[in-house]
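A.B. asks: Sharing coords-v4.txt below, compact mmCIF, C-alpha atoms:
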# COMPACT_ATOMS: atom_id res chain seq x y z
CA MET A 1 -59.85 -33.41 -37.57
CA SER A 2 -58.41 -30.81 -35.35
CA VAL A 3 -54.91 -29.58 -35.58
CA GLN A 4 -53.93 -29.83 -39.19
CA SER A 5 -50.23 -29.78 -39.57
CA PRO A 6 -49.23 -27.89 -42.63
CA PRO A 7 -48.98 -30.39 -45.47
CA GLU A 8 -45.33 -30.03 -46.40
CA PRO A 9 -43.08 -29.41 -43.46
CA GLY A 10 -40.51 -26.95 -44.74
CA THR A 11 -37.43 -28.94 -44.24
CA GLU A 12 -35.42 -27.11 -46.88
CA GLU A 13 -33.50 -23.96 -46.03
CA LEU A 14 -35.36 -20.72 -46.58
CA PRO A 15 -33.82 -17.96 -48.69
CA ALA A 16 -32.18 -15.11 -46.76
CA THR A 17 -34.86 -12.77 -48.11
CA ALA A 18 -37.71 -14.81 -46.64
CA LEU A 19 -40.36 -12.98 -44.64
CA TYR A 20 -42.42 -14.53 -41.93
CA CYS A 21 -45.92 -13.01 -41.90
CA TYR A 22 -48.01 -12.61 -38.73
CA GLY A 23 -51.06 -10.79 -39.93
CA ILE A 24 -52.64 -8.01 -41.91
CA MET A 25 -53.98 -4.71 -40.75
CA ALA A 26 -54.99 -1.33 -42.12
CA ALA A 27 -51.92 0.64 -43.20
CA LYS A 28 -52.98 3.68 -41.23
CA ALA A 29 -53.11 1.64 -38.00
CA ALA A 30 -49.92 -0.31 -38.61
CA LYS A 31 -47.00 2.06 -38.01
CA ALA A 32 -44.04 0.78 -36.05
CA GLN A 33 -44.80 -2.40 -34.18
CA PRO A 34 -43.61 -2.63 -30.60
CA ALA A 35 -43.41 -6.41 -30.39
CA ALA A 36 -40.34 -8.46 -31.16
CA GLY A 37 -40.89 -11.22 -33.70
CA LEU A 38 -39.65 -14.79 -34.01
CA GLY A 39 -36.12 -15.19 -32.79
CA GLY A 40 -36.10 -11.58 -31.60
CA GLU A 41 -36.26 -10.23 -35.16
CA THR A 42 -37.85 -6.79 -35.54
CA VAL A 43 -41.44 -6.76 -36.70
CA GLU A 44 -41.78 -4.59 -39.77
CA VAL A 45 -44.57 -3.32 -41.90
CA VAL A 46 -44.96 -3.94 -45.62
CA GLU A 47 -47.60 -1.64 -47.05
CA CYS A 48 -49.75 -2.20 -50.09
CA GLY A 49 -52.52 0.30 -50.77
CA GLU A 50 -54.70 0.46 -47.69
CA LEU A 51 -53.11 -2.67 -46.25
CA ALA A 52 -50.08 -3.48 -44.20
CA ALA A 53 -48.58 -6.89 -43.57
CA LEU A 54 -46.74 -7.45 -40.30
CA VAL A 55 -43.59 -9.38 -41.08
CA SER A 56 -40.17 -10.14 -39.78
CA ALA A 57 -37.05 -11.74 -41.16
CA VAL A 58 -36.97 -15.46 -40.58
CA PRO A 59 -34.39 -16.52 -38.04
CA PRO A 60 -31.62 -18.70 -39.52
CA GLY A 61 -32.79 -22.18 -40.35
CA THR A 62 -36.49 -22.80 -40.59
CA VAL A 63 -39.49 -21.93 -38.54
CA ARG A 64 -40.14 -24.41 -35.84
CA ALA A 65 -43.31 -24.77 -33.89
CA ARG A 66 -41.63 -24.38 -30.56
CA ARG A 67 -43.54 -23.14 -27.61
CA ARG A 68 -41.70 -19.84 -27.61
CA ASP A 69 -42.34 -19.25 -31.30
CA LEU A 70 -46.03 -20.02 -31.05
CA MET A 71 -46.34 -17.56 -28.20
CA THR A 72 -44.38 -14.94 -30.12
CA HIS A 73 -46.69 -15.23 -33.11
CA PHE A 74 -49.63 -14.80 -30.80
CA ASP A 75 -48.05 -11.85 -28.95
CA VAL A 76 -47.23 -9.91 -32.09
CA LEU A 77 -50.88 -10.13 -33.11
CA GLY A 78 -52.05 -9.23 -29.62
CA LYS A 79 -49.93 -6.07 -29.57
CA ALA A 80 -51.11 -5.09 -33.02
CA PHE A 81 -54.69 -5.67 -31.95
CA GLU A 82 -54.30 -2.97 -29.32
CA ARG A 83 -53.86 -0.50 -32.17
CA GLY A 84 -56.53 -1.63 -34.52
CA THR A 85 -58.27 -4.49 -36.25
CA VAL A 86 -55.95 -7.22 -37.37
CA LEU A 87 -56.38 -10.31 -39.52
CA PRO A 88 -54.31 -13.08 -37.96
CA LEU A 89 -52.50 -15.49 -40.22
CA ARG A 90 -52.05 -19.08 -39.21
CA PHE A 91 -48.69 -19.91 -37.71
CA GLY A 92 -45.88 -20.70 -40.08
CA ILE A 93 -46.55 -18.77 -43.27
CA VAL A 94 -43.43 -17.54 -44.99
CA PHE A 95 -43.01 -15.66 -48.25
CA ASP A 96 -39.82 -16.04 -50.27
CA ASP A 97 -39.35 -12.28 -50.34
CA GLU A 98 -41.21 -9.00 -50.26
CA ALA A 99 -42.04 -9.15 -53.97
CA VAL A 100 -43.82 -12.48 -53.53
CA LEU A 101 -45.74 -11.12 -50.56
CA LEU A 102 -46.90 -8.13 -52.62
CA ASP A 103 -47.47 -9.81 -55.98
CA GLU A 104 -49.00 -13.05 -54.86
CA PHE A 105 -50.92 -12.07 -51.79
CA LEU A 106 -51.43 -8.42 -50.92
CA ARG A 107 -52.17 -7.06 -54.40
CA PRO A 108 -54.42 -9.80 -55.73
CA ARG A 109 -56.30 -10.04 -52.43
CA HIS A 110 -56.27 -6.34 -51.60
CA ASP A 111 -59.96 -5.55 -51.89
CA GLU A 112 -61.04 -8.74 -50.24
CA LEU A 113 -58.73 -8.17 -47.28
CA VAL A 114 -59.87 -4.56 -46.94
CA GLU A 115 -63.46 -5.76 -46.92
CA LEU A 116 -62.68 -8.36 -44.26
CA LEU A 117 -60.97 -5.73 -42.11
CA ARG A 118 -64.02 -3.52 -42.44
CA GLU A 119 -66.33 -6.34 -41.47
CA LEU A 120 -64.29 -7.19 -38.38
CA ASP A 121 -63.76 -3.62 -37.28
CA GLY A 122 -64.77 -3.10 -33.66
CA ARG A 123 -65.29 -6.82 -33.13
CA VAL A 124 -63.36 -9.17 -30.93
CA GLU A 125 -63.07 -12.93 -30.54
CA LEU A 126 -64.05 -14.41 -27.22
CA ARG A 127 -63.24 -18.06 -26.60
CA VAL A 128 -65.44 -20.08 -24.35
CA ASN A 129 -64.52 -23.38 -22.83
CA ALA A 130 -67.00 -25.27 -20.70
CA HIS A 131 -66.37 -28.71 -19.22
CA TYR A 132 -68.32 -30.92 -16.91
CA ARG A 133 -66.72 -32.02 -13.72
CA GLU A 134 -66.48 -35.73 -14.17
CA ASP A 135 -67.65 -36.70 -10.70
CA ALA A 136 -70.60 -34.35 -10.79
CA ILE A 137 -71.89 -35.38 -14.18
CA LEU A 138 -71.49 -39.09 -13.45
CA ALA A 139 -73.28 -38.68 -10.13
CA GLU A 140 -76.17 -37.03 -11.97
CA ALA A 141 -76.35 -39.91 -14.40
CA ILE A 142 -76.47 -42.42 -11.57
CA ARG A 143 -79.10 -40.51 -9.62
CA GLU A 144 -81.40 -39.84 -12.48
CA SER A 145 -81.28 -43.12 -14.31
CA PRO A 146 -82.52 -46.07 -12.27
CA ARG A 147 -81.11 -48.49 -14.82
CA ILE A 148 -77.62 -46.98 -14.50
CA ALA A 149 -77.80 -47.13 -10.72
CA GLN A 150 -78.93 -50.74 -10.91
CA LEU A 151 -76.22 -51.82 -13.36
CA ARG A 152 -73.66 -50.00 -11.29
CA GLU A 153 -74.63 -51.96 -8.21
CA ALA A 154 -74.55 -55.18 -10.19
CA THR A 155 -71.08 -54.59 -11.58
CA ARG A 156 -69.32 -52.97 -8.66
CA GLY A 157 -66.50 -55.14 -7.51
CA ALA A 158 -67.23 -57.55 -10.33
CA ALA A 159 -64.37 -58.96 -12.32
CA ALA A 160 -63.28 -56.97 -15.32
CA GLY A 161 -65.12 -58.05 -18.41
CA HIS A 162 -68.46 -58.39 -16.69
CA PRO A 163 -70.97 -58.41 -19.53
CA ALA A 164 -73.13 -55.71 -17.96
CA MET A 165 -70.22 -53.29 -18.00
CA LEU A 166 -70.70 -52.54 -21.66
CA GLU A 167 -74.37 -51.78 -21.25
CA LEU A 168 -73.59 -49.63 -18.25
CA GLY A 169 -70.97 -47.66 -20.11
CA GLU A 170 -73.17 -47.21 -23.11
CA LEU A 171 -76.00 -45.88 -20.97
CA VAL A 172 -73.70 -43.50 -19.13
CA SER A 173 -72.28 -42.31 -22.41
CA ALA A 174 -75.78 -41.69 -23.78
CA GLU A 175 -76.78 -39.88 -20.60
CA VAL A 176 -73.72 -37.64 -20.73
CA GLN A 177 -74.35 -36.89 -24.37
CA ALA A 178 -77.99 -36.02 -23.74
CA ARG A 179 -76.98 -33.63 -20.99
CA THR A 180 -74.30 -32.13 -23.19
CA ALA A 181 -76.80 -31.47 -25.96
CA ARG A 182 -79.26 -29.89 -23.54
CA ASP A 183 -76.73 -27.74 -21.72
CA THR A 184 -75.01 -26.66 -24.91
CA ARG A 185 -78.32 -25.51 -26.31
CA ALA A 186 -79.06 -23.58 -23.13
CA LEU A 187 -75.65 -21.92 -23.21
CA LEU A 188 -75.98 -20.97 -26.87
CA GLU A 189 -79.39 -19.47 -26.22
CA ARG A 190 -77.71 -17.10 -23.80
CA LEU A 191 -74.60 -16.33 -25.81
CA GLY A 192 -75.84 -16.53 -29.39
CA PRO A 193 -77.85 -13.30 -29.33
CA LEU A 194 -74.82 -11.39 -28.02
CA ALA A 195 -72.51 -12.56 -30.79
CA HIS A 196 -72.32 -11.51 -34.38
CA ARG A 197 -71.53 -15.14 -35.17
CA TYR A 198 -69.78 -18.09 -33.65
CA GLU A 199 -67.72 -21.12 -34.55
CA LEU A 200 -67.83 -24.20 -32.39
CA ASP A 201 -65.02 -26.70 -32.28
CA GLU A 202 -66.84 -29.90 -33.10
CA GLU A 203 -64.45 -32.66 -32.16
CA PRO A 204 -65.89 -34.64 -29.33
CA ILE A 205 -63.82 -34.33 -26.20
CA ALA A 206 -64.72 -36.21 -23.08
CA TYR A 207 -66.86 -34.13 -20.73
CA GLN A 208 -66.66 -31.10 -22.93
CA LEU A 209 -69.84 -29.09 -22.97
CA LEU A 210 -68.79 -26.42 -25.38
CA ARG A 211 -65.62 -25.07 -26.84
CA GLY A 212 -65.80 -22.33 -29.38
CA SER A 213 -65.20 -18.80 -30.47
CA PHE A 214 -67.68 -15.96 -30.55
CA LEU A 215 -67.32 -12.83 -32.62
CA VAL A 216 -68.62 -10.05 -30.44
CA GLU A 217 -68.87 -6.28 -30.77
CA ARG A 218 -66.31 -4.81 -28.45
CA LYS A 219 -68.96 -2.86 -26.61
CA GLN A 220 -70.93 -6.07 -26.06
CA THR A 221 -68.12 -7.89 -24.28
CA GLU A 222 -69.38 -6.95 -20.84
CA ALA A 223 -72.86 -8.21 -21.57
CA PHE A 224 -71.34 -11.41 -22.93
CA ASP A 225 -69.24 -11.79 -19.82
CA ARG A 226 -72.30 -11.34 -17.62
CA ALA A 227 -74.34 -13.89 -19.56
CA LEU A 228 -71.57 -16.44 -19.28
CA GLU A 229 -71.07 -15.63 -15.63
CA GLU A 230 -74.76 -16.34 -15.03
CA PHE A 231 -74.47 -19.69 -16.73
CA ALA A 232 -71.37 -20.54 -14.70
CA SER A 233 -73.10 -19.52 -11.52
CA ASP A 234 -76.23 -21.56 -12.34
CA ASN A 235 -74.03 -24.58 -13.01
CA ALA A 236 -71.53 -24.11 -10.21
CA GLY A 237 -70.08 -27.36 -8.99
CA ARG A 238 -70.90 -29.29 -12.15
CA VAL A 239 -69.44 -27.22 -14.98
CA ASP A 240 -66.19 -25.30 -15.15
CA VAL A 241 -66.35 -22.35 -17.48
CA LYS A 242 -63.50 -20.35 -18.87
CA LEU A 243 -63.58 -17.19 -20.95
CA VAL A 244 -60.52 -16.12 -22.90
CA GLY A 245 -60.23 -12.77 -24.62
CA PRO A 246 -60.75 -10.29 -26.10
CA LEU A 247 -58.59 -11.74 -28.85
CA PRO A 248 -57.94 -10.80 -32.45
CA PRO A 249 -60.46 -12.62 -34.65
CA HIS A 250 -58.38 -15.74 -35.32
CA SER A 251 -61.45 -17.88 -35.96
CA PHE A 252 -63.25 -15.47 -38.24
CA VAL A 253 -60.83 -14.74 -41.02
CA GLU A 254 -61.60 -16.61 -44.17
CA LEU A 255 -61.06 -15.63 -47.72
CA SER A 256 -63.64 -16.56 -50.31
CA HIS A 257 -61.42 -19.23 -51.83
CA GLY A 258 -57.97 -20.56 -51.37
CA GLY A 259 -58.53 -20.90 -47.66
CA ARG A 260 -57.81 -24.30 -46.29
CA ARG A 261 -59.85 -25.06 -43.25
CA MET B 1 -59.51 -3.66 -22.93
CA ALA B 2 -60.00 -6.28 -20.27
CA ILE B 3 -63.42 -7.68 -19.79
CA ALA B 4 -65.08 -6.44 -16.63
CA THR B 5 -63.73 -8.55 -13.86
CA GLN B 6 -64.82 -6.39 -10.98
CA GLY B 7 -68.04 -5.08 -9.61
CA THR B 8 -70.69 -7.70 -9.21
CA ALA B 9 -68.80 -10.38 -11.07
CA SER B 10 -68.14 -13.33 -8.83
CA ASN B 11 -65.59 -16.03 -9.36
CA TYR B 12 -67.76 -18.68 -10.98
CA LEU B 13 -66.22 -17.83 -14.30
CA GLN B 14 -62.53 -18.21 -14.92
CA ARG B 15 -61.27 -15.35 -17.06
CA ALA B 16 -58.04 -14.83 -18.94
CA PRO B 17 -57.07 -12.11 -21.38
CA SER B 18 -55.16 -14.59 -23.48
CA PRO B 19 -54.73 -18.35 -23.71
CA SER B 20 -52.77 -19.63 -20.78
CA GLY B 21 -51.79 -23.09 -21.88
CA LEU B 22 -49.90 -24.21 -24.91
CA ALA B 23 -52.81 -26.38 -25.97
CA ASP B 24 -55.08 -23.34 -26.15
CA VAL B 25 -52.56 -21.40 -28.17
CA VAL B 26 -52.17 -24.32 -30.51
CA ASP B 27 -55.93 -24.38 -31.02
CA LEU B 28 -55.86 -20.77 -31.96
CA ILE B 29 -52.83 -20.30 -34.15
CA LEU B 30 -52.22 -23.68 -35.72
CA ASP B 31 -55.84 -24.52 -36.27
CA LYS B 32 -57.27 -21.11 -37.05
CA GLY B 33 -56.23 -17.94 -38.79
CA LEU B 34 -55.90 -16.96 -42.37
CA VAL B 35 -54.40 -19.54 -44.66
CA ILE B 36 -53.12 -18.45 -47.95
CA ASP B 37 -53.14 -20.33 -51.22
CA ALA B 38 -50.99 -23.35 -51.57
CA TYR B 39 -48.15 -21.68 -53.45
CA ILE B 40 -47.05 -19.85 -50.35
CA ARG B 41 -44.39 -21.61 -48.42
CA ILE B 42 -45.44 -23.08 -45.17
CA ALA B 43 -42.28 -23.49 -43.31
CA VAL B 44 -43.04 -25.22 -40.11
CA ILE B 45 -41.24 -28.18 -38.80
CA GLY B 46 -41.23 -29.74 -35.46
CA ILE B 47 -44.92 -29.85 -34.80
CA GLU B 48 -44.80 -32.56 -32.24
CA LEU B 49 -47.76 -31.12 -30.54
CA ILE B 50 -50.66 -32.75 -32.19
CA THR B 51 -53.54 -32.68 -29.77
CA ILE B 52 -55.45 -35.35 -31.64
CA ASP B 53 -55.13 -37.58 -28.60
CA ALA B 54 -57.54 -35.34 -26.79
CA ARG B 55 -60.27 -35.92 -29.30
CA ILE B 56 -61.77 -38.89 -27.73
CA VAL B 57 -64.46 -40.46 -29.75
CA ILE B 58 -67.40 -40.77 -27.46
CA ALA B 59 -68.98 -43.79 -29.07
CA SER B 60 -66.64 -46.70 -28.87
CA VAL B 61 -66.53 -49.87 -26.85
CA ASP B 62 -63.36 -48.69 -25.23
CA THR B 63 -64.98 -45.45 -24.16
CA TYR B 64 -68.04 -47.27 -22.83
CA LEU B 65 -65.80 -49.37 -20.64
CA ARG B 66 -64.03 -46.33 -19.37
CA PHE B 67 -67.33 -44.69 -18.49
CA ALA B 68 -68.45 -47.86 -16.73
CA GLU B 69 -65.26 -48.01 -14.71
CA ALA B 70 -65.58 -44.34 -13.84
CA VAL B 71 -69.09 -44.66 -12.45
CA ASN B 72 -68.09 -47.75 -10.56
CA ARG B 73 -65.18 -45.96 -8.96
CA LEU B 74 -67.31 -42.97 -8.06
CA ASP B 75 -68.06 -42.54 -4.39
CA LEU B 76 -71.42 -40.83 -4.31
CA THR B 77 -71.19 -39.73 -0.69
CA GLN B 78 -67.90 -38.05 -1.43
CA THR B 79 -69.18 -36.24 -4.49
CA GLU B 80 -71.97 -34.76 -2.44
CA ALA B 81 -69.59 -33.63 0.28
CA ALA B 82 -67.24 -32.11 -2.29
CA GLY B 83 -70.13 -30.32 -3.97
CA LEU B 84 -71.17 -28.75 -0.69
CA ALA B 85 -67.66 -27.66 0.15
CA GLU B 86 -67.42 -26.01 -3.23
CA LEU B 87 -70.63 -24.09 -2.75
CA ARG B 88 -69.32 -22.81 0.54
CA ASP B 89 -66.09 -21.68 -1.05
CA GLY B 90 -67.90 -19.94 -3.82
CA GLY B 91 -67.33 -22.67 -6.36
CA GLY B 92 -64.67 -23.27 -8.94
CA ASN B 93 -61.09 -24.14 -8.35
CA GLY B 94 -60.07 -21.22 -10.43
CA GLY B 95 -57.93 -22.97 -12.85
CA GLY B 96 -55.90 -25.62 -14.36
CA ASP B 97 -57.04 -29.08 -14.97
CA LYS B 98 -60.41 -29.73 -16.41
CA ALA B 99 -61.93 -33.00 -17.34
CA LYS B 100 -59.60 -35.00 -15.28
CA GLY B 101 -60.18 -38.51 -14.23
CA VAL B 102 -60.74 -41.27 -16.69
CA PHE B 103 -59.36 -39.31 -19.53
CA GLU B 104 -56.66 -37.70 -17.53
CA GLY B 105 -53.90 -35.88 -19.23
CA VAL B 106 -54.94 -36.46 -22.77
CA LYS B 107 -55.23 -32.82 -23.61
CA GLU B 108 -51.98 -31.62 -22.20
CA LYS B 109 -49.90 -34.11 -24.08
CA VAL B 110 -48.40 -31.34 -26.02
CA SER B 111 -44.71 -31.01 -26.23
CA GLY B 112 -42.42 -28.12 -26.80
CA LYS B 113 -38.75 -28.12 -26.29
CA ASP B 114 -38.45 -24.77 -24.64
Would you write the structure of this file as structure tokens?
C.D. replies:
Amino acid sequence: MSVQSPPEPGTEELPATALYCYGIMAAKAAKAQPAAGLGGETVEVVECGELAALVSAVPPGTVRARRRDLMTHFDVLGKAFERGTVLPLRFGIVFDDEAVLLDEFLRPRHDELVELLRELDGRVELRVNAHYREDAILAEAIRESPRIAQLREATRGAAAGHPAMLELGELVSAEVQARTARDTRALLERLGPLAHRYELDEEPIAYQLLRGSFLVERKQTEAFDRALEEFASDNAGRVDVKLVGPLPPHSFVELSHGGRR
Amino acid sequence: MAIATQGTASNYLQRAPSPSGLADVVDLILDKGLVIDAYIRIAVIGIELITIDARIVIASVDTYLRFAEAVNRLDLTQTEAAGLAELRDGGGNGGGDKAKGVFEGVKEKVSGKD
């Protein structure tokens, strides 16, 4: 599964005291936040011991996953990240009021959150997206597998439903998968040593070589960039590679229990 | 804070400081990030943007047929010419649509009203 919609869409009205929460950071880094929150509401800081939650009032109605709101959530975290380590919350988490935020989240989880902040200090998330170019990868499959080339000749211009089509497709699929496994391994051999850890998105997507997030020391980002650049250069014309970041560590914030992944 | 984009770096790698497309943002903030225990209200409605469609299962008869059709459509002489042109230009189209073709558009089927 990929995108998990929250289980119970909040169709009921939220109380006027409700607070939308973007993320958590160290209180000493949190101060006034420059970004505007959902619906233009001011982003405020709720402190608890060493921690600060970045929150805003919820705009009238409920929170909707509109494009603008998703971007706002992301932007608030991005701005905060310029000032210090931040633990991003998933989109759409709302507390009934400040007391609930403090009593049911910040206080009971205080030490764990502080520890997580410490662990992520000085580290950034880099997202890597590598895809084959369809024409290039298919051409490789045809050139390097005589059986594929042969079946292709046999079925070209044939009526749909030609029995050899299935065998052809299966062979191409297997060939693409074998290449994916090989190239992914090669890419991870380059990137793995430069990352503290990484999380790969596992859902199979057509022609995807690798999509995932790497937790990297900030001072290692240039080396990471170079390694990926080398891979992109070595595979020019057959693989498109994209690097996004540095981002707050969205993919590396998990609490010991109670997290739903 | 930007990653080095100058100096010896060429343009084989497409770089962005933050996700450019909605689909990438969705990946990051609906799929990842801290989730708190169930008793906290999760107040999202209107998630019409499930990207499940993009998750094509590689091993299915339907997919095999699509692969077969794709290789049959492929013009090998043209791929070679295109590859050469790309090398001359320094490679990479710099952005936008990846994995087009047979599975065109599946990923960007993400909606958002504004």
A.B. asks: Using CA of Arg73 (chain B) and CA of Ala178 (chain A) as the two end points, give the distance in Å to one decimal.
C.D. replies: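 Rounded to one decimal, the two atoms are 21.9 Å apart.
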A.B. asks: Residues at most 10 Å from region 224-229 of chain A, counting all atoms listed in the file, excluding those fewer than 4 positions away in the same chain, as a CSV table (one decimal) with C-alpha atoms, keeping the file's coordinate frame?
C.D. replies:
chain,number,residue,atom,x,y,z
A,126,LEU,CA,-64.0,-14.4,-27.2
A,128,VAL,CA,-65.4,-20.1,-24.4
A,187,LEU,CA,-75.6,-21.9,-23.2
A,188,LEU,CA,-76.0,-21.0,-26.9
A,190,ARG,CA,-77.7,-17.1,-23.8
A,191,LEU,CA,-74.6,-16.3,-25.8
A,192,GLY,CA,-75.8,-16.5,-29.4
A,193,PRO,CA,-77.8,-13.3,-29.3
A,194,LEU,CA,-74.8,-11.4,-28.0
A,195,ALA,CA,-72.5,-12.6,-30.8
A,214,PHE,CA,-67.7,-16.0,-30.6
A,216,VAL,CA,-68.6,-10.0,-30.4
A,217,GLU,CA,-68.9,-6.3,-30.8
A,218,ARG,CA,-66.3,-4.8,-28.4
A,219,LYS,CA,-69.0,-2.9,-26.6
A,220,GLN,CA,-70.9,-6.1,-26.1
A,233,SER,CA,-73.1,-19.5,-11.5
A,234,ASP,CA,-76.2,-21.6,-12.3
A,235,ASN,CA,-74.0,-24.6,-13.0
A,241,VAL,CA,-66.4,-22.4,-17.5
A,242,LYS,CA,-63.5,-20.4,-18.9
A,243,LEU,CA,-63.6,-17.2,-21.0
B,3,ILE,CA,-63.4,-7.7,-19.8
B,4,ALA,CA,-65.1,-6.4,-16.6
B,5,THR,CA,-63.7,-8.6,-13.9
B,8,THR,CA,-70.7,-7.7,-9.2
B,9,ALA,CA,-68.8,-10.4,-11.1
B,10,SER,CA,-68.1,-13.3,-8.8
B,11,ASN,CA,-65.6,-16.0,-9.4
B,12,TYR,CA,-67.8,-18.7,-11.0
B,13,LEU,CA,-66.2,-17.8,-14.3
B,14,GLN,CA,-62.5,-18.2,-14.9
B,15,ARG,CA,-61.3,-15.4,-17.1
A.B. asks: Please identify all polymer residues within 6 Å of region 133-144 of chain A, counting only C-alpha atoms, omitting same-chain residues fewer than 4 positions from it, and present them as a PyMOL selection string.
C.D. replies: chain A and resi 148-149+238-239
A.B. asks: Give me the residues within 7 Å of region 75-86 of chain A as a list in words, counting all atoms listed in the file and dropping any in the same chain fewer than 4 places off.
C.D. replies: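 Close residues of region 75-86 of chain A: Tyr22, Gly23, Ile24, Met25, Ala29, Gln33, Ala35, Gly37, Met71, Leu117, Leu120, Asp121 and Pro248 of chain A.
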A.B. asks: Write the residues of the preceding selection, restricted to C-alpha atoms, as a compact mmCIF listing (two decimals), keeping the file's coordinate frame.
C.D. replies:
# COMPACT_ATOMS: atom_id res chain seq x y z
CA TYR A 22 -48.01 -12.61 -38.73
CA GLY A 23 -51.06 -10.79 -39.93
CA ILE A 24 -52.64 -8.01 -41.91
CA MET A 25 -53.98 -4.71 -40.75
CA ALA A 29 -53.11 1.64 -38.00
CA GLN A 33 -44.80 -2.40 -34.18
CA ALA A 35 -43.41 -6.41 -30.39
CA GLY A 37 -40.89 -11.22 -33.70
CA MET A 71 -46.34 -17.56 -28.20
CA LEU A 117 -60.97 -5.73 -42.11
CA LEU A 120 -64.29 -7.19 -38.38
CA ASP A 121 -63.76 -3.62 -37.28
CA PRO A 248 -57.94 -10.80 -32.45
A.B. asks: Can you tell me, as number ranges by chain, what residues are no more than 10 Å from region 158-167 of chain A when counting all atoms listed in the file, ignoring any on the same chain fewer than 2 positions away?
C.D. replies: A: 147-148, 151-156, 169-173; B: 61-69, 72
A.B. asks: Which residues are near His250 (chain A)? Cut-off 9 Å, all atoms listed in the file, ignore same chain within fewer than 2 positions. Put them as a PDB file with C-alpha atoms, in the coordinates of the input.
C.D. replies:
ATOM      1  CA  LEU A  87     -56.380 -10.310 -39.520  1.00  0.00           C
ATOM      2  CA  PRO A  88     -54.310 -13.080 -37.960  1.00  0.00           C
ATOM      3  CA  LEU A  89     -52.500 -15.490 -40.220  1.00  0.00           C
ATOM      4  CA  ARG A  90     -52.050 -19.080 -39.210  1.00  0.00           C
ATOM      5  CA  GLU A 125     -63.070 -12.930 -30.540  1.00  0.00           C
ATOM      6  CA  SER A 213     -65.200 -18.800 -30.470  1.00  0.00           C
ATOM      7  CA  LEU A 247     -58.590 -11.740 -28.850  1.00  0.00           C
ATOM      8  CA  PRO A 248     -57.940 -10.800 -32.450  1.00  0.00           C
ATOM      9  CA  PHE A 252     -63.250 -15.470 -38.240  1.00  0.00           C
ATOM     10  CA  VAL A 253     -60.830 -14.740 -41.020  1.00  0.00           C
TER      11      VAL A 253
ATOM     12  CA  LEU B  28     -55.860 -20.770 -31.960  1.00  0.00           C
ATOM     13  CA  ILE B  29     -52.830 -20.300 -34.150  1.00  0.00           C
ATOM     14  CA  LYS B  32     -57.270 -21.110 -37.050  1.00  0.00           C
ATOM     15  CA  GLY B  33     -56.230 -17.940 -38.790  1.00  0.00           C
ATOM     16  CA  LEU B  34     -55.900 -16.960 -42.370  1.00  0.00           C
TER      17      LEU B  34
END
A.B. asks: Just give me the gap between CA of Glu44 (chain A) and CA of Ala65 (chain A) in Å, one decimal is fine.
C.D. replies: 21.1 Å
A.B. asks: If I take CA of Ala23 (chain B) and CA of Leu74 (chain B), how far is one from the other in Å, to one decimal?
C.D. replies: 28.4 Å
A.B. asks: From the options B:Ala16, B:Ala70, B:Asp75, B:Gly21, which residue's atoms come nearest to chain A, counting all atoms listed in the file?
C.D. replies: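 Of B:Ala16, B:Ala70, B:Asp75, B:Gly21, the one nearest chain A is B:Ala16, counting all atoms listed in the file.
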A.B. asks: If the box runs along x, y and z of the file and leaves 6 Å on each side of region 60-70 of chain B, what are its centre and edge lengths in Å, one decimal, as AutoDock Vina command-line options?
C.D. replies:
--center_x -65.9 --center_y -47.1 --center_z -21.4 --size_x 17.1 --size_y 17.5 --size_z 27.0
A.B. asks: Kindly indicate which residue among A:Leu113, A:Cys48, A:Ala181, A:Val63 lies nearest to chain B, using all atoms listed in the file for the distances.
C.D. replies: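 With all atoms listed in the file as the atom set, the closest residue is A:Val63.
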